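Working notes, beginning with the structure itself.
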Amino acid sequence: MSLTIGVVIPCYKPHIGVLKRLLDSIEAQSRKPDMVVVSCSSSQEEDMPYKSSDYSYPLKIFTHSEKRNTAQNKNYGSRIVGTDIISYFDADDIMHPQRIEVIFNVFMKNSNLKLLLHSLKLNPPDFNYPTYEVQSIPVELDPFFICHWGAVNLKHESYRAIHNGHNAIRKDIFNEVQYIESDDGLGREDTIFNRVLIQKYQNSQCIGYCPYELTWYFPSSTGGYR
């Protein structure tokens, strides 16, 4: 049985302008998502210039006038997206054109997988994307350890990048673990979420890492309520 895959995008008003860049990169995906949900805080419906008819994939955009943190926006979108796989992505970054296809194939081929993390390209100077093999995707299972200060690290090659915020999970995981919405998690909500799952499913085949750089990452330091 095939799975469905969706994207949840936390956003806030100052990122509405760059959100188009991300939505366009989803339009360019080699495998389109079955649903995309944007949860945008500190904004009104009239602030959002994009609509579902602009794109060929299903798109739902929700605006919230109040300030919300990233965890609140992610939890809101996760309850709505309704797909078997939930892939998270930030409004101010860009997807590699094969990102959805790679994530989808990894989950299809690894039936026990609960959480998948992947690599990134930091502040890329251009959009010269490499072409990745999608029939034999390199995936490491049970690849992480939690260091003494709480960060998620690879066991064997710690120099390789991990994007904690652009993780992908099976939807049933969200019934077990949600993002921490309190101030205790501000700026660390993604690492905390992944850490809970890594510790819960340690020594199993349920946690995976793909070294493909599936995110073009532009740091913006926008933690907290937005």
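Going by the structure tokens order, chains are called A, B, ..., each with residues numbered from 1, while ligands are numbered from 1 in the order shown.
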Contacts of stretch 102-115 of chain A at 8 Å or less, counting only C-alpha atoms, minus same-chain residues fewer than 3 places along, as a short mmCIF file (atom, residue, chain, number, x, y, z; two decimals) with N, CA and C atoms, in the first residue's frame?
data_model
loop_
_atom_site.label_atom_id
_atom_site.label_comp_id
_atom_site.auth_asym_id
_atom_site.auth_seq_id
_atom_site.Cartn_x
_atom_site.Cartn_y
_atom_site.Cartn_z
N SER A 2 0.56 2.17 -0.88
CA SER A 2 1.33 3.41 -0.95
C SER A 2 0.95 4.34 0.19
N LEU A 3 1.88 5.20 0.56
CA LEU A 3 1.66 6.17 1.62
C LEU A 3 1.37 7.55 1.03
N ILE A 5 2.09 11.74 1.69
CA ILE A 5 3.08 12.58 2.35
C ILE A 5 2.65 14.04 2.28
N ILE A 85 2.71 10.51 6.23
CA ILE A 85 4.03 11.05 6.55
C ILE A 85 3.88 12.56 6.66
N GLN A 98 14.26 17.22 -5.26
CA GLN A 98 13.93 15.81 -5.05
C GLN A 98 13.60 15.49 -3.59
N ARG A 99 13.46 16.51 -2.76
CA ARG A 99 13.32 16.26 -1.32
C ARG A 99 12.12 15.38 -0.99
N VAL A 134 17.48 8.08 -6.43
CA VAL A 134 16.32 7.87 -5.56
C VAL A 134 15.91 6.40 -5.45
N GLN A 135 16.52 5.52 -6.24
CA GLN A 135 16.21 4.09 -6.15
C GLN A 135 17.06 3.39 -5.10
N ILE A 137 18.71 5.03 -2.09
CA ILE A 137 19.03 6.16 -1.23
C ILE A 137 19.84 5.69 -0.03
N VAL A 139 20.72 5.43 3.58
CA VAL A 139 20.03 5.71 4.83
C VAL A 139 20.74 4.96 5.96
N ASN A 167 12.66 17.69 9.82
CA ASN A 167 12.48 16.26 10.01
C ASN A 167 11.23 15.76 9.32
N ALA A 168 11.08 14.46 9.25
CA ALA A 168 9.87 13.83 8.72
C ALA A 168 9.50 12.69 9.65
N ILE A 169 8.20 12.55 9.91
CA ILE A 169 7.72 11.51 10.84
C ILE A 169 6.52 10.79 10.24
N ARG A 170 6.24 9.61 10.77
CA ARG A 170 4.94 8.99 10.49
C ARG A 170 3.88 9.68 11.34
N ILE A 173 3.18 8.91 15.03
CA ILE A 173 4.12 9.39 16.04
C ILE A 173 3.58 10.64 16.72
N ASN A 194 12.95 15.72 18.45
CA ASN A 194 13.72 14.61 17.89
C ASN A 194 14.40 13.79 18.98
N LEU A 197 12.16 11.19 20.55
CA LEU A 197 11.96 10.02 19.70
C LEU A 197 13.22 9.16 19.62
N GLN A 205 15.36 0.02 14.57
CA GLN A 205 15.49 0.43 13.17
C GLN A 205 14.45 1.51 12.84
N CYS A 206 14.05 2.27 13.84
CA CYS A 206 12.95 3.23 13.69
C CYS A 206 13.39 4.66 13.42
N ILE A 207 14.68 4.94 13.59
CA ILE A 207 15.21 6.29 13.41
C ILE A 207 16.22 6.26 12.28
N GLY A 208 16.12 7.22 11.34
CA GLY A 208 17.01 7.20 10.19
C GLY A 208 17.62 8.55 9.86
#
Item to check | Which of stretch 59-218 of chain A fall in alpha helix (DSSP H), as a PyMOL selection string | outcome: chain A and resi 70-81+99-109+189-200
Saved selection, atoms kept: N, CA and C atoms, as a compact mmCIF listing (two decimals), in the first residue's frame:
# COMPACT_ATOMS: atom_id res chain seq x y z
N THR A 70 7.11 28.57 17.11
CA THR A 70 7.25 27.56 16.06
C THR A 70 6.55 26.26 16.44
N ALA A 71 6.67 25.87 17.70
CA ALA A 71 6.04 24.63 18.16
C ALA A 71 4.53 24.69 18.00
N GLN A 72 3.93 25.81 18.36
CA GLN A 72 2.48 25.95 18.24
C GLN A 72 2.03 25.88 16.78
N ASN A 73 2.78 26.53 15.90
CA ASN A 73 2.44 26.47 14.48
C ASN A 73 2.63 25.06 13.92
N LYS A 74 3.67 24.36 14.35
CA LYS A 74 3.89 22.99 13.87
C LYS A 74 2.80 22.05 14.38
N ASN A 75 2.45 22.16 15.64
CA ASN A 75 1.41 21.30 16.18
C ASN A 75 0.07 21.56 15.50
N TYR A 76 -0.24 22.82 15.24
CA TYR A 76 -1.49 23.16 14.57
C TYR A 76 -1.53 22.52 13.17
N GLY A 77 -0.48 22.70 12.41
CA GLY A 77 -0.45 22.12 11.06
C GLY A 77 -0.48 20.61 11.07
N SER A 78 0.16 20.00 12.07
CA SER A 78 0.22 18.54 12.15
C SER A 78 -1.15 17.94 12.39
N ARG A 79 -1.99 18.64 13.12
CA ARG A 79 -3.34 18.14 13.40
C ARG A 79 -4.24 18.23 12.17
N ILE A 80 -3.85 19.03 11.20
CA ILE A 80 -4.71 19.27 10.04
C ILE A 80 -4.26 18.50 8.81
N VAL A 81 -2.95 18.26 8.64
CA VAL A 81 -2.42 17.82 7.36
C VAL A 81 -3.01 16.49 6.88
N ARG A 99 13.46 16.51 -2.76
CA ARG A 99 13.32 16.26 -1.32
C ARG A 99 12.12 15.38 -0.99
N ILE A 100 10.95 15.72 -1.51
CA ILE A 100 9.75 14.95 -1.18
C ILE A 100 9.86 13.52 -1.70
N GLU A 101 10.38 13.37 -2.89
CA GLU A 101 10.53 12.03 -3.47
C GLU A 101 11.48 11.18 -2.63
N VAL A 102 12.59 11.76 -2.19
CA VAL A 102 13.56 11.02 -1.38
C VAL A 102 12.93 10.58 -0.07
N ILE A 103 12.29 11.51 0.64
CA ILE A 103 11.67 11.18 1.92
C ILE A 103 10.59 10.12 1.74
N PHE A 104 9.75 10.29 0.73
CA PHE A 104 8.69 9.33 0.46
C PHE A 104 9.26 7.93 0.21
N ASN A 105 10.29 7.83 -0.62
CA ASN A 105 10.88 6.53 -0.94
C ASN A 105 11.52 5.88 0.28
N VAL A 106 12.15 6.68 1.13
CA VAL A 106 12.78 6.11 2.33
C VAL A 106 11.72 5.49 3.24
N PHE A 107 10.60 6.18 3.44
CA PHE A 107 9.55 5.64 4.29
C PHE A 107 8.87 4.43 3.65
N MET A 108 8.73 4.44 2.33
CA MET A 108 8.12 3.30 1.65
C MET A 108 8.98 2.05 1.79
N LYS A 109 10.30 2.22 1.80
CA LYS A 109 11.21 1.07 1.83
C LYS A 109 11.59 0.66 3.26
N GLU A 189 12.85 23.65 20.26
CA GLU A 189 11.72 22.74 20.14
C GLU A 189 11.97 21.58 19.18
N ASP A 190 12.71 21.83 18.09
CA ASP A 190 12.98 20.78 17.12
C ASP A 190 13.91 19.72 17.69
N THR A 191 14.99 20.16 18.32
CA THR A 191 15.93 19.22 18.93
C THR A 191 15.27 18.41 20.03
N ILE A 192 14.46 19.07 20.86
CA ILE A 192 13.77 18.36 21.94
C ILE A 192 12.84 17.30 21.39
N PHE A 193 12.07 17.65 20.36
CA PHE A 193 11.14 16.71 19.74
C PHE A 193 11.88 15.48 19.21
N ASN A 194 12.95 15.72 18.45
CA ASN A 194 13.72 14.61 17.89
C ASN A 194 14.40 13.79 18.98
N ARG A 195 14.89 14.48 19.99
CA ARG A 195 15.59 13.79 21.09
C ARG A 195 14.67 12.81 21.81
N VAL A 196 13.42 13.22 22.04
CA VAL A 196 12.46 12.33 22.69
C VAL A 196 12.28 11.05 21.87
N LEU A 197 12.16 11.19 20.55
CA LEU A 197 11.96 10.02 19.70
C LEU A 197 13.22 9.16 19.62
N ILE A 198 14.38 9.79 19.53
CA ILE A 198 15.63 9.04 19.46
C ILE A 198 15.84 8.22 20.73
N GLN A 199 15.55 8.82 21.86
CA GLN A 199 15.71 8.10 23.13
C GLN A 199 14.65 7.02 23.30
N LYS A 200 13.45 7.28 22.82
CA LYS A 200 12.38 6.30 22.95
C LYS A 200 12.63 5.08 22.08
Next on the checklist: I'd like the contact shell of A:Pro58 - 12 Å cut-off, only C-alpha atoms, skipping same-chain residues fewer than 2 positions apart - returned as a ChimeraX atom specification.
Outcome noted: /A:5-7,23,26-27,32-38,51-56,60-61,81-83
When you look at A:Arg226 with a cut-off of 9 Å (counting only C-alpha atoms), what residues show up, excluding the ones that are within fewer than 3 positions of it in the same chain? I need them as a PDB file with N, CA and C atoms, in the first residue's frame.
ATOM      1  N   CYS A  11       5.088  29.593   9.974  1.00  0.00           N
ATOM      2  CA  CYS A  11       5.414  30.875   9.350  1.00  0.00           C
ATOM      3  C   CYS A  11       4.943  31.998  10.272  1.00  0.00           C
ATOM      4  N   TYR A  12       5.404  33.220  10.004  1.00  0.00           N
ATOM      5  CA  TYR A  12       4.853  34.404  10.660  1.00  0.00           C
ATOM      6  C   TYR A  12       4.972  35.573   9.687  1.00  0.00           C
ATOM      7  N   LYS A  13       4.330  36.685  10.022  1.00  0.00           N
ATOM      8  CA  LYS A  13       4.115  37.751   9.041  1.00  0.00           C
ATOM      9  C   LYS A  13       5.385  38.212   8.305  1.00  0.00           C
ATOM     10  N   PRO A  14       6.508  38.467   8.988  1.00  0.00           N
ATOM     11  CA  PRO A  14       7.703  38.912   8.260  1.00  0.00           C
ATOM     12  C   PRO A  14       8.250  37.906   7.243  1.00  0.00           C
ATOM     13  N   SER A  41       1.435  32.831  11.956  1.00  0.00           N
ATOM     14  CA  SER A  41       1.018  33.625  13.112  1.00  0.00           C
ATOM     15  C   SER A  41       1.306  35.105  12.891  1.00  0.00           C
ATOM     16  N   SER A  42       0.779  35.934  13.807  1.00  0.00           N
ATOM     17  CA  SER A  42       0.932  37.395  13.751  1.00  0.00           C
ATOM     18  C   SER A  42       0.500  37.955  12.403  1.00  0.00           C
ATOM     19  N   GLU A  66      -2.833  36.204  16.549  1.00  0.00           N
ATOM     20  CA  GLU A  66      -1.996  36.230  17.754  1.00  0.00           C
ATOM     21  C   GLU A  66      -0.577  35.740  17.452  1.00  0.00           C
ATOM     22  N   LYS A  67       0.339  36.106  18.348  1.00  0.00           N
ATOM     23  CA  LYS A  67       1.694  35.573  18.255  1.00  0.00           C
ATOM     24  C   LYS A  67       1.682  34.101  18.645  1.00  0.00           C
ATOM     25  N   ARG A  68       2.431  33.291  17.899  1.00  0.00           N
ATOM     26  CA  ARG A  68       2.605  31.890  18.237  1.00  0.00           C
ATOM     27  C   ARG A  68       4.080  31.532  18.054  1.00  0.00           C
ATOM     28  N   ASN A  69       4.541  30.542  18.781  1.00  0.00           N
ATOM     29  CA  ASN A  69       5.904  30.092  18.551  1.00  0.00           C
ATOM     30  C   ASN A  69       5.917  28.982  17.503  1.00  0.00           C
ATOM     31  N   THR A  70       7.112  28.573  17.107  1.00  0.00           N
ATOM     32  CA  THR A  70       7.253  27.559  16.062  1.00  0.00           C
ATOM     33  C   THR A  70       6.546  26.264  16.441  1.00  0.00           C
ATOM     34  N   THR A 222      15.067  33.296  14.237  1.00  0.00           N
ATOM     35  CA  THR A 222      13.723  33.805  14.561  1.00  0.00           C
ATOM     36  C   THR A 222      13.020  32.897  15.574  1.00  0.00           C
ATOM     37  N   GLY A 223      13.741  32.495  16.614  1.00  0.00           N
ATOM     38  CA  GLY A 223      13.125  31.698  17.654  1.00  0.00           C
ATOM     39  C   GLY A 223      12.193  32.534  18.515  1.00  0.00           C
TER      40      GLY A 223
END
Next on the checklist: Please compute the atom CA of A:Phe144-atom CA of A:Lys121 distance, one decimal, in Å.
Outcome noted: 19.8 Å
Item to check | Backbone-only DSSP, strand (DSSP E or B) members of stretch 116-160 of chain A, as number ranges by chain | outcome: A: 116-122, 140-141, 144-146, 152-154
Go ahead and write the selection's residues with C-alpha atoms as a PDB file, in the first residue's frame.
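selection25.pdb, written as the output of this step:
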ATOM      1  CA  LEU A 116      13.952  10.679   9.362  1.00  0.00           C
ATOM      2  CA  LEU A 117      16.504  13.499   9.454  1.00  0.00           C
ATOM      3  CA  HIS A 118      18.626  14.673   6.541  1.00  0.00           C
ATOM      4  CA  SER A 119      21.493  16.991   5.682  1.00  0.00           C
ATOM      5  CA  LEU A 120      21.480  20.579   4.395  1.00  0.00           C
ATOM      6  CA  LYS A 121      23.437  23.123   2.397  1.00  0.00           C
ATOM      7  CA  LEU A 122      24.144  26.241   4.470  1.00  0.00           C
ATOM      8  CA  GLU A 140      21.660   5.062   8.192  1.00  0.00           C
ATOM      9  CA  LEU A 141      19.401   3.452  10.814  1.00  0.00           C
ATOM     10  CA  PHE A 144      22.267   9.200  16.490  1.00  0.00           C
ATOM     11  CA  PHE A 145      23.346   9.729  20.072  1.00  0.00           C
ATOM     12  CA  ILE A 146      22.421  12.532  22.470  1.00  0.00           C
ATOM     13  CA  VAL A 152      21.553  15.316  18.461  1.00  0.00           C
ATOM     14  CA  ASN A 153      24.804  13.975  16.960  1.00  0.00           C
ATOM     15  CA  LEU A 154      25.736  11.257  14.512  1.00  0.00           C
TER      16      LEU A 154
END
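Counting only C-alpha atoms and comparing A:Asp184, A:Tyr212, A:Pro49, A:Phe62, the residue that lies closest to A:Val8 is A:Phe62.
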Next on the checklist: Given only C-alpha atoms as the basis, pick out the residue of A:Glu181, A:Asp142, A:Glu176, A:Asp24 nearest to A:Pro97.
Outcome noted: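 Among the listed residues, the smallest separation from A:Pro97 belongs to A:Asp24.
Nearest residue to A:Asn128 among A:Trp216, A:Tyr201, A:Asp93, A:Tyr50 is A:Trp216, counting only C-alpha atoms.
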Checklist outcome for this item: atom CA of A:Pro219 to atom CA of A:Tyr57 measures 26.7 Å
